[in-house]
There are 2 protein chains.
Amino acid sequence: MLKRSWTESANDAAGEFPLNNLPYGVFSTESLSPRCGVAIGEMILDVARLEKDGLTGTEDLLQNASWNKLMAAGPSVWSGLRQRLTDLLAEAASDRDVVEPLLVPMTDATLHMPLEVAEYTDFYAGKQHAQNVGTMFRGPENALPPNWLHIPIGYNGRASTVVVSGTDIRRPVGQTKAKDAEMPGFGPCKRLDIELEMGAIVGTPSTMGDPVTTTRAQEMIFGYVLLNDWSARDLQAWEYQPLGPFQAKAFATSISPWIVTRQALAPFAVDTPEREKELLPYLKADFPGNYDVTLSVEMNGHRISRTNMRELYYSAAQQLTHHASSGCAMRTGDLLGSGTISGPDPSSYGSLLEMTWGGENPLDLAGEPRTFIEDGDTLTLKGHAQGDGYRIGFGACTGTILPAPNFP
Amino acid sequence: MLKRSWTESANDAAGEFPLNNLPYGVFSTESLSPRCGVAIGEMILDVARLEKDGLTGTEDLLQNASWNKLMAAGPSVWSGLRQRLTDLLAEAASDRDVVEPLLVPMTDATLHMPLEVAEYTDFYAGKQHAQNVGTMFRGPENALPPNWLHIPIGYNGRASTVVVSGTDIRRPVGQTKAKDAEMPGFGPCKRLDIELEMGAIVGTPSTMGDPVTTTRAQEMIFGYVLLNDWSARDLQAWEYQPLGPFQAKAFATSISPWIVTRQALAPFAVDTPEREKELLPYLKADFPGNYDVTLSVEMNGHRISRTNMRELYYSAAQQLTHHASSGCAMRTGDLLGSGTISGPDPSSYGSLLEMTWGGENPLDLAGEPRTFIEDGDTLTLKGHAQGDGYRIGFGACTGTILPAPNFP
């Protein structure tokens with residue numbers, strides 16, 4: 001049920017940021033340097049200042065231009081802050097007069113990266129996506145790799161190019177090779193794509209040499225963002241054997257500006273899909289680790305896909321457990337991309353590669369046939385969990401493609 | 001020619017740290033907290049204190065327990081500091097009385113990570129290694145992947161588990177599957193291996209969206225370390241298709257305690273081996289980017305291999321150029337592993353996988369047959385460039401294997 005706030009715009013049933021949400025971002029204005037803020041309706045609460053004023057119950061956790069310090073503080077501190085913010089912004093709150101002056105209209109604010117990304121890992125936890133891509137590359141009989149139903153397959157990505165929604169993305173350049181060509185060529189990517197993903201953010205760290213259980217992994221997760229894993233399909237095809245994707249993914253990954261906490265998503269927890277093979281014990285979980293989050297993709301304002309986070313075969317807790325299983329130390333600020341989330345039919349696929357079936361079936365974009373991304377295109381991911389009379393949103397995750405650079 | 005120092009132990013022709021070297025590390029003693037130090041003979045110069053005393057020509061670049069601040073300052077600052085240290089420690093130096101009290105015997109010091117690793121990337125730039133591994137897995141006709149002679153193939157590794165020499169390494173656990181088994185199992189790695197590599201350290205950053213030339217890449221490189229890319233071969237075999245190595249490499253990477261600067265290695269620069277196919281223009285370099293550095297591997301004190309860095313087909317500058325080619329931003333503290341460096345014959349192979357040919361031909365370790373690493377084994381990498389009457393060394397890169405953890 002909607003929790004009502006004295007911030008009137010937070011009570012709009014179609015809005016993304018009711019009192020039930022309270023997502024965490026970093027913002028600046030003409031007069032305020034980048035700082036921690038919390039979205040409430042159409043406003044942002046300056047919680048850096050709120051903490052200085054002694055009203056958050058935290059001390060020196062919100063004074064940087066990232067949420068990492070709070071993330072490291074652990075679940076009981078997370079709950080404490082959330083409860084305090086809920087109390088301060090609730091309809092019947094007594095402190096309204098001291099809090100209200102710290103609200104900034106979203107329209108006056110610039111949003112920045114909400115966290116410092118320690119390392120970025122990209123999983124491959126959507127079965128329909130793995131199946132689709134496998135069918136295109138290896139045929140339907142060998143579509144799913146033999147390890148896929150046993151391991152949350154993933155690879156390490158590049159943290160230095162994770163950027164916040166709204167950041168323009170330069171078309172990447174790189175090596176490609178036509179099947180019948182003797183030599184590869186070098187130039188701008190011709191098959192530029194998106195991948196619709198969720199990103200899980202690690203709050204509390206683990207120790208090198210010490211694996212974690214799925215229950216512990218779940219407790220380590222601070223929250224979620226929308227994530228677009230931009231992909232250069234032609235670079236990827238030529239480079240990815242034998243050691244996996246590299247430059248085809250390294251040029252950019254966009255995330256939504258707001259981190260929705262695990263606590264805000266808790267009412268929308270659902271089980272992962274039924275297992276097709278029994279999992280090894282270390283990956284089993286006795287809690288629902290997926291979330292019912294409706295997701296969509298827009299190209300230049302036209303919706304081209306709609307799917308749901310619940311399609312993921314492995315939850316973020318299972319991904320994280322596998323990630324730490326060898327003894328790999330996980331750190332505050334680690335970002336785990338889920339892998340592309342595709343539903344069962346083409347209208348619910350999470351990449352242009354799948355929607356156009358390798359570029360063979362162009363989309364009809366308001367009368368214009370389109371396959372991969374062209375310069376000037378704007379791609380936008382949206383997502384929300386639907387409650388009773390309210391929505392939990394992430395803010396759009398958007399990016400516009402600029403022409404490739406002239407290589408020096 | 002040996003540059004003579006008033007620090008007598010620095011003039012030993014068999015020592016690793018003459019005045020010609022001046023490598024950078026981080027050390028602590030019972031009375032000194034971890035800080036920047038420079039190796040000279042059997043001593044370490046406390047350059048954090050030296051800077052405070054106004055003798056380094058730098059300001060607030062050496063006050064952290066890492067060299068990252070100096071690394072970010074760029075080549076002219078690097079040269080300035082090196083020249084200043086050379087002047088202060090040279091035989092005829094006039095400031096000996098103020099410098100000598102800042103020398104600490106190495107035997108009193110504990111060595112720490114010399115840098116904060118931003119991100120860790122592992123290349124595959126040794127041709128003999130790629131050929132050996134390919135022959136074992138795919139047969140001699142298809143040994144070298146089709147892209148190998150065109151691309152410095154690499155993958156993103158895990159920075160959170162890069163540790164300094166001397167750190168014990170827990171045997172990793174993970175999923176493996178026997179060829180004829182229906183289901184995978186989970187347990188301690190049974191084919192634990194080393195990879196003998198060099199690590200190049202990025203000093204100055206590049207900008208997202210802006211590729212770099214090989215000349216610029218060379219200027220960005222601050223220095224080199226020895227690097228052991230510990231590898232769990234059985235985990236790797238089951239997990240690495242289709243997205244590359246992940247947990248098989250994520251549990252640990254060891255580096256030498258001393259960063260040897262690019263300037264110290266300059267007299268030993270050599271060309272990369274002759275090209276078998278012409279490189280694309282962006283990868284061509286008009287300078288010798290390899291170094292003549294003799295490398296060896298010891299298992300429990302017995303030398304089991306000896307090779308040379310000059311075997312690398314792609315230089316670190318070429319690896320870095322390719323890394324940034326798509327628009328990937330490179331950062332101060334990025335660590336680029338070269339890939340395993342194997343010479344032409346078994347006595348010069350850089351991994352146990354190759355030395356024992358997949359475990360089929362055990363090594364004779366002082367009468368004991370050995371294939372992969374057992375609990376309690378100590379593996380050590382050593383390396384040096386041989387000058388006229390002096391050597392440039394890195395300090396040993398060593399690690400001892402502890403038993404696997406009990407999985408929670």
# chains A, B, ... in the order shown; residues from 1 in each chain; ligands from 1
$ interface_residues --of "chain B" --to "chain A" --cutoff "8 Å" --atoms "only C-alpha atoms" --output "ChimeraX atom specification"
/B:119,145,147,150-151,153-161,169-170,172-174,184-186,208-213,238-248,250-252,280,323,325-331,405,407-408
$ residues_around --residues "Phe137 of chain A" --least-positions-apart "3" --cutoff "12 Å" --atoms "only C-alpha atoms" --output "PyMOL selection string"
(chain A and resi 130-134+140-145+237+353-354+357-358) or (chain B and resi 242)
$ residues_around --residues "Gln83 of chain B" --least-positions-apart "3" --cutoff "12 Å" --atoms "only C-alpha atoms" --output "PyMOL selection string"
chain B and resi 19-22+55-58+76-80+86-90+263-264
$ write_last_selection --atoms "N, CA, C and O atoms" --output "CSV table (one decimal), in the first residue's frame"
chain,number,residue,atom,x,y,z
B,19,LEU,N,72.3,1.2,-8.0
B,19,LEU,CA,71.8,2.5,-8.3
B,19,LEU,C,71.1,2.6,-9.7
B,19,LEU,O,70.3,3.5,-9.9
B,20,ASN,N,71.5,1.8,-10.6
B,20,ASN,CA,70.9,1.8,-11.9
B,20,ASN,C,69.4,1.4,-11.8
B,20,ASN,O,68.7,1.6,-12.8
B,21,ASN,N,69.0,0.7,-10.8
B,21,ASN,CA,67.6,0.2,-10.7
B,21,ASN,C,66.6,1.2,-10.0
B,21,ASN,O,65.8,1.7,-10.7
B,22,LEU,N,66.8,1.4,-8.7
B,22,LEU,CA,65.9,2.2,-7.9
B,22,LEU,C,64.4,1.9,-8.1
B,22,LEU,O,63.6,2.7,-8.6
B,55,LEU,N,63.6,16.9,0.0
B,55,LEU,CA,64.8,16.5,-0.8
B,55,LEU,C,64.5,15.7,-2.1
B,55,LEU,O,65.4,15.3,-2.8
B,56,THR,N,63.2,15.5,-2.4
B,56,THR,CA,62.9,14.7,-3.5
B,56,THR,C,62.5,15.5,-4.7
B,56,THR,O,62.4,15.0,-5.9
B,57,GLY,N,62.2,16.8,-4.6
B,57,GLY,CA,61.7,17.7,-5.7
B,57,GLY,C,60.3,17.4,-6.0
B,57,GLY,O,59.7,17.9,-6.9
B,58,THR,N,59.6,16.6,-5.2
B,58,THR,CA,58.2,16.4,-5.3
B,58,THR,C,57.5,16.9,-4.1
B,58,THR,O,58.1,17.1,-3.0
B,76,SER,N,57.4,13.3,-16.8
B,76,SER,CA,58.4,14.3,-16.5
B,76,SER,C,58.7,14.3,-15.0
B,76,SER,O,59.8,14.5,-14.5
B,77,VAL,N,57.6,14.1,-14.2
B,77,VAL,CA,57.8,14.0,-12.7
B,77,VAL,C,58.5,12.7,-12.4
B,77,VAL,O,59.4,12.7,-11.5
B,78,TRP,N,58.2,11.6,-13.1
B,78,TRP,CA,58.9,10.4,-12.9
B,78,TRP,C,60.4,10.5,-13.1
B,78,TRP,O,61.2,10.1,-12.3
B,79,SER,N,60.8,11.2,-14.2
B,79,SER,CA,62.2,11.4,-14.5
B,79,SER,C,62.9,12.3,-13.5
B,79,SER,O,64.0,12.0,-13.1
B,80,GLY,N,62.2,13.3,-13.1
B,80,GLY,CA,62.7,14.2,-12.1
B,80,GLY,C,63.1,13.5,-10.8
B,80,GLY,O,64.2,13.7,-10.2
B,86,THR,N,69.0,9.4,-7.9
B,86,THR,CA,70.3,9.0,-8.4
B,86,THR,C,71.4,9.9,-7.8
B,86,THR,O,72.4,9.5,-7.4
B,87,ASP,N,71.1,11.2,-7.9
B,87,ASP,CA,72.1,12.2,-7.4
B,87,ASP,C,72.3,12.0,-5.9
B,87,ASP,O,73.5,12.0,-5.4
B,88,LEU,N,71.3,11.7,-5.1
B,88,LEU,CA,71.4,11.6,-3.6
B,88,LEU,C,72.2,10.4,-3.2
B,88,LEU,O,72.8,10.4,-2.2
B,89,LEU,N,72.1,9.3,-4.0
B,89,LEU,CA,72.7,8.0,-3.6
B,89,LEU,C,74.0,7.7,-4.4
B,89,LEU,O,74.6,6.7,-4.1
B,90,ALA,N,74.4,8.6,-5.3
B,90,ALA,CA,75.6,8.3,-6.1
B,90,ALA,C,76.8,8.5,-5.1
B,90,ALA,O,76.8,9.1,-4.1
B,263,GLN,N,62.0,3.5,-17.1
B,263,GLN,CA,63.3,4.1,-17.3
B,263,GLN,C,64.5,3.2,-16.9
B,263,GLN,O,65.5,3.2,-17.6
B,264,ALA,N,64.3,2.5,-15.9
B,264,ALA,CA,65.4,1.6,-15.4
B,264,ALA,C,65.6,0.4,-16.4
B,264,ALA,O,66.7,-0.1,-16.6
$ closest_residue --among "A:Gly199, A:Pro34, A:Pro75, A:Gly343" --to "Thr307 of chain A" --atoms "only C-alpha atoms"
A:Gly343
$ residues_around --residues "Leu62 of chain B" --least-positions-apart "6" --cutoff "9 Å" --atoms "only C-alpha atoms" --output "PyMOL selection string"
chain B and resi 35-37+47-49+51-52+68-70
$ write_last_selection --atoms "all heavy atoms" --output "mmCIF file, in the first residue's frame"
data_model
loop_
_atom_site.group_PDB
_atom_site.id
_atom_site.type_symbol
_atom_site.label_atom_id
_atom_site.label_comp_id
_atom_site.auth_asym_id
_atom_site.auth_seq_id
_atom_site.Cartn_x
_atom_site.Cartn_y
_atom_site.Cartn_z
ATOM 1 N N ARG B 35 54.701 2.697 3.960
ATOM 2 C CA ARG B 35 55.049 3.929 3.248
ATOM 3 C C ARG B 35 55.891 3.629 2.012
ATOM 4 O O ARG B 35 56.418 2.534 1.869
ATOM 5 C CB ARG B 35 55.847 4.835 4.167
ATOM 6 C CG ARG B 35 57.156 4.197 4.639
ATOM 7 C CD ARG B 35 57.836 5.049 5.684
ATOM 8 N NE ARG B 35 56.955 5.258 6.816
ATOM 9 C CZ ARG B 35 57.012 6.340 7.617
ATOM 10 N NH1 ARG B 35 57.922 7.274 7.396
ATOM 11 N NH2 ARG B 35 56.185 6.467 8.615
ATOM 12 N N CYS B 36 56.022 4.619 1.155
ATOM 13 C CA CYS B 36 56.811 4.466 -0.068
ATOM 14 C C CYS B 36 58.295 4.320 0.266
ATOM 15 O O CYS B 36 58.836 5.092 1.067
ATOM 16 C CB CYS B 36 56.630 5.686 -0.972
ATOM 17 S SG CYS B 36 54.980 5.794 -1.691
ATOM 18 N N GLY B 37 58.934 3.341 -0.386
ATOM 19 C CA GLY B 37 60.365 3.149 -0.207
ATOM 20 C C GLY B 37 61.017 2.774 -1.525
ATOM 21 O O GLY B 37 60.353 2.292 -2.447
ATOM 22 N N VAL B 47 61.463 7.150 1.343
ATOM 23 C CA VAL B 47 61.285 8.346 0.513
ATOM 24 C C VAL B 47 60.072 9.177 0.950
ATOM 25 O O VAL B 47 59.947 10.339 0.563
ATOM 26 C CB VAL B 47 61.178 8.018 -0.992
ATOM 27 C CG1 VAL B 47 62.517 7.525 -1.516
ATOM 28 C CG2 VAL B 47 60.060 7.037 -1.281
ATOM 29 N N ALA B 48 59.180 8.574 1.749
ATOM 30 C CA ALA B 48 58.088 9.380 2.313
ATOM 31 C C ALA B 48 58.705 10.461 3.203
ATOM 32 O O ALA B 48 58.388 11.649 3.086
ATOM 33 C CB ALA B 48 57.142 8.497 3.120
ATOM 34 N N ARG B 49 59.633 10.036 4.053
ATOM 35 C CA ARG B 49 60.331 10.975 4.932
ATOM 36 C C ARG B 49 61.227 11.919 4.129
ATOM 37 O O ARG B 49 61.302 13.117 4.401
ATOM 38 C CB ARG B 49 61.141 10.168 5.950
ATOM 39 C CG ARG B 49 61.953 10.980 6.908
ATOM 40 C CD ARG B 49 61.043 11.889 7.780
ATOM 41 N NE ARG B 49 61.867 12.872 8.452
ATOM 42 C CZ ARG B 49 62.451 12.657 9.648
ATOM 43 N NH1 ARG B 49 62.241 11.520 10.284
ATOM 44 N NH2 ARG B 49 63.205 13.590 10.193
ATOM 45 N N GLU B 51 60.763 12.998 1.196
ATOM 46 C CA GLU B 51 59.936 14.051 0.580
ATOM 47 C C GLU B 51 59.554 15.104 1.609
ATOM 48 O O GLU B 51 59.593 16.304 1.330
ATOM 49 C CB GLU B 51 58.675 13.432 -0.039
ATOM 50 C CG GLU B 51 57.828 14.460 -0.784
ATOM 51 C CD GLU B 51 56.533 13.880 -1.336
ATOM 52 O OE1 GLU B 51 55.687 13.416 -0.523
ATOM 53 O OE2 GLU B 51 56.345 13.882 -2.564
ATOM 54 N N LYS B 52 59.189 14.641 2.802
ATOM 55 C CA LYS B 52 58.831 15.586 3.877
ATOM 56 C C LYS B 52 59.995 16.514 4.204
ATOM 57 O O LYS B 52 59.803 17.679 4.533
ATOM 58 C CB LYS B 52 58.426 14.823 5.142
ATOM 59 C CG LYS B 52 56.951 14.460 5.156
ATOM 60 C CD LYS B 52 56.512 14.131 6.576
ATOM 61 C CE LYS B 52 55.003 13.920 6.629
ATOM 62 N NZ LYS B 52 54.601 13.158 7.816
ATOM 63 N N ASN B 68 50.568 5.303 -6.327
ATOM 64 C CA ASN B 68 49.614 5.787 -7.333
ATOM 65 C C ASN B 68 49.685 7.286 -7.590
ATOM 66 O O ASN B 68 49.532 7.729 -8.730
ATOM 67 C CB ASN B 68 48.192 5.388 -6.934
ATOM 68 C CG ASN B 68 47.972 3.888 -7.046
ATOM 69 O OD1 ASN B 68 48.711 3.112 -6.447
ATOM 70 N ND2 ASN B 68 46.978 3.464 -7.814
ATOM 71 N N LYS B 69 49.914 8.066 -6.539
ATOM 72 C CA LYS B 69 49.929 9.521 -6.750
ATOM 73 C C LYS B 69 51.094 9.926 -7.659
ATOM 74 O O LYS B 69 50.936 10.752 -8.550
ATOM 75 C CB LYS B 69 50.044 10.253 -5.406
ATOM 76 C CG LYS B 69 48.730 10.840 -4.937
ATOM 77 C CD LYS B 69 48.926 11.665 -3.674
ATOM 78 C CE LYS B 69 48.016 12.882 -3.702
ATOM 79 N NZ LYS B 69 48.059 13.607 -2.411
ATOM 80 N N LEU B 70 52.255 9.338 -7.432
ATOM 81 C CA LEU B 70 53.378 9.628 -8.331
ATOM 82 C C LEU B 70 53.085 9.109 -9.734
ATOM 83 O O LEU B 70 53.360 9.784 -10.735
ATOM 84 C CB LEU B 70 54.678 8.997 -7.820
ATOM 85 C CG LEU B 70 55.868 9.352 -8.729
ATOM 86 C CD1 LEU B 70 56.456 10.702 -8.356
ATOM 87 C CD2 LEU B 70 56.933 8.278 -8.745
#
$ select_by_dssp --residues "segment 29-197 of chain B" --states "helix (DSSP H, G or I)" --output "ChimeraX atom specification"
/B:47-52,68-73,75-89,96-102,106-108,127-138,140-142,159-161
$ closest_residue --among "A:Gly223, A:Pro288, A:Pro273, A:Pro344" --to "Trp67 of chain A" --atoms "only C-alpha atoms"
A:Gly223
$ atom_distance --atom1 "atom CA of Leu2 of chain A" --atom2 "atom CA of Lys382 of chain A"
20.9 Å
$ residues_around --residues "Ser315 of chain A" --least-positions-apart "6" --cutoff "9 Å" --atoms "only C-alpha atoms" --output "list in words"
Ala125, Asp271, Thr272, Pro288, Gly289, Asn290, Tyr291 and Ser338 of chain A
$ select_by_dssp --residues "segment 197-263 of chain B" --states "strand (DSSP E or B)" --output "PyMOL selection string"
chain B and resi 197-202+221-228+231-232+253-255+259-261
$ write_last_selection --atoms "N, CA, C and O atoms" --output "mmCIF file, in the first residue's frame"
data_model
loop_
_atom_site.group_PDB
_atom_site.id
_atom_site.type_symbol
_atom_site.label_atom_id
_atom_site.label_comp_id
_atom_site.auth_asym_id
_atom_site.auth_seq_id
_atom_site.Cartn_x
_atom_site.Cartn_y
_atom_site.Cartn_z
ATOM 1 N N GLU B 197 54.392 -14.535 -15.758
ATOM 2 C CA GLU B 197 54.062 -13.370 -16.582
ATOM 3 C C GLU B 197 54.830 -12.140 -16.109
ATOM 4 O O GLU B 197 55.371 -12.106 -15.008
ATOM 5 N N MET B 198 54.839 -11.124 -16.935
ATOM 6 C CA MET B 198 55.242 -9.786 -16.522
ATOM 7 C C MET B 198 53.965 -8.956 -16.394
ATOM 8 O O MET B 198 53.017 -9.133 -17.168
ATOM 9 N N GLY B 199 53.942 -8.020 -15.447
ATOM 10 C CA GLY B 199 52.817 -7.094 -15.326
ATOM 11 C C GLY B 199 53.278 -5.690 -15.655
ATOM 12 O O GLY B 199 54.279 -5.222 -15.106
ATOM 13 N N ALA B 200 52.576 -5.027 -16.567
ATOM 14 C CA ALA B 200 52.872 -3.623 -16.875
ATOM 15 C C ALA B 200 51.884 -2.754 -16.107
ATOM 16 O O ALA B 200 50.692 -3.089 -16.020
ATOM 17 N N ILE B 201 52.376 -1.665 -15.545
ATOM 18 C CA ILE B 201 51.539 -0.801 -14.714
ATOM 19 C C ILE B 201 51.294 0.523 -15.417
ATOM 20 O O ILE B 201 52.241 1.206 -15.825
ATOM 21 N N VAL B 202 50.003 0.872 -15.567
ATOM 22 C CA VAL B 202 49.635 2.121 -16.228
ATOM 23 C C VAL B 202 49.801 3.266 -15.242
ATOM 24 O O VAL B 202 49.255 3.220 -14.132
ATOM 25 N N ILE B 221 53.057 4.030 -19.623
ATOM 26 C CA ILE B 221 53.491 2.915 -18.777
ATOM 27 C C ILE B 221 54.524 3.377 -17.762
ATOM 28 O O ILE B 221 55.553 3.946 -18.108
ATOM 29 N N PHE B 222 54.210 3.104 -16.487
ATOM 30 C CA PHE B 222 55.068 3.548 -15.392
ATOM 31 C C PHE B 222 56.183 2.549 -15.128
ATOM 32 O O PHE B 222 57.329 2.929 -14.899
ATOM 33 N N GLY B 223 55.862 1.270 -15.129
ATOM 34 C CA GLY B 223 56.884 0.278 -14.814
ATOM 35 C C GLY B 223 56.341 -1.125 -14.902
ATOM 36 O O GLY B 223 55.220 -1.354 -15.368
ATOM 37 N N TYR B 224 57.167 -2.064 -14.430
ATOM 38 C CA TYR B 224 56.853 -3.491 -14.573
ATOM 39 C C TYR B 224 57.068 -4.231 -13.262
ATOM 40 O O TYR B 224 57.926 -3.850 -12.453
ATOM 41 N N VAL B 225 56.284 -5.299 -13.090
ATOM 42 C CA VAL B 225 56.478 -6.241 -11.976
ATOM 43 C C VAL B 225 56.498 -7.662 -12.543
ATOM 44 O O VAL B 225 56.036 -7.904 -13.660
ATOM 45 N N LEU B 226 57.036 -8.596 -11.776
ATOM 46 C CA LEU B 226 56.813 -10.012 -12.070
ATOM 47 C C LEU B 226 55.394 -10.345 -11.633
ATOM 48 O O LEU B 226 54.909 -9.800 -10.636
ATOM 49 N N LEU B 227 54.753 -11.259 -12.340
ATOM 50 C CA LEU B 227 53.344 -11.556 -12.043
ATOM 51 C C LEU B 227 53.085 -13.051 -12.195
ATOM 52 O O LEU B 227 53.458 -13.654 -13.205
ATOM 53 N N ASN B 228 52.492 -13.630 -11.170
ATOM 54 C CA ASN B 228 52.080 -15.038 -11.220
ATOM 55 C C ASN B 228 50.560 -15.107 -11.252
ATOM 56 O O ASN B 228 49.887 -14.804 -10.274
ATOM 57 N N SER B 231 46.329 -20.336 -11.541
ATOM 58 C CA SER B 231 45.252 -20.832 -12.407
ATOM 59 C C SER B 231 44.770 -22.200 -11.950
ATOM 60 O O SER B 231 45.581 -23.094 -11.696
ATOM 61 N N ALA B 232 43.438 -22.350 -11.878
ATOM 62 C CA ALA B 232 42.827 -23.638 -11.529
ATOM 63 C C ALA B 232 42.366 -24.287 -12.836
ATOM 64 O O ALA B 232 41.307 -23.966 -13.362
ATOM 65 N N THR B 253 46.271 -13.507 -7.729
ATOM 66 C CA THR B 253 47.343 -13.141 -8.649
ATOM 67 C C THR B 253 48.431 -12.500 -7.796
ATOM 68 O O THR B 253 48.134 -11.577 -7.033
ATOM 69 N N SER B 254 49.654 -13.010 -7.884
ATOM 70 C CA SER B 254 50.737 -12.464 -7.052
ATOM 71 C C SER B 254 51.666 -11.586 -7.892
ATOM 72 O O SER B 254 51.928 -11.906 -9.049
ATOM 73 N N ILE B 255 52.137 -10.499 -7.307
ATOM 74 C CA ILE B 255 53.126 -9.666 -8.008
ATOM 75 C C ILE B 255 54.359 -9.474 -7.135
ATOM 76 O O ILE B 255 54.302 -9.598 -5.903
ATOM 77 N N ILE B 259 58.332 -2.385 -8.065
ATOM 78 C CA ILE B 259 58.022 -1.935 -9.428
ATOM 79 C C ILE B 259 59.313 -1.409 -10.040
ATOM 80 O O ILE B 259 59.886 -0.431 -9.544
ATOM 81 N N VAL B 260 59.791 -2.073 -11.089
ATOM 82 C CA VAL B 260 60.960 -1.570 -11.807
ATOM 83 C C VAL B 260 60.446 -0.596 -12.872
ATOM 84 O O VAL B 260 59.578 -0.948 -13.674
ATOM 85 N N THR B 261 60.956 0.622 -12.841
ATOM 86 C CA THR B 261 60.424 1.650 -13.737
ATOM 87 C C THR B 261 60.832 1.378 -15.181
ATOM 88 O O THR B 261 61.832 0.717 -15.456
#
$ closest_residue --among "B:Asn361, B:Gly376, B:Phe394, B:Asp234" --to "Arg191 of chain B" --atoms "only C-alpha atoms"
B:Asp234
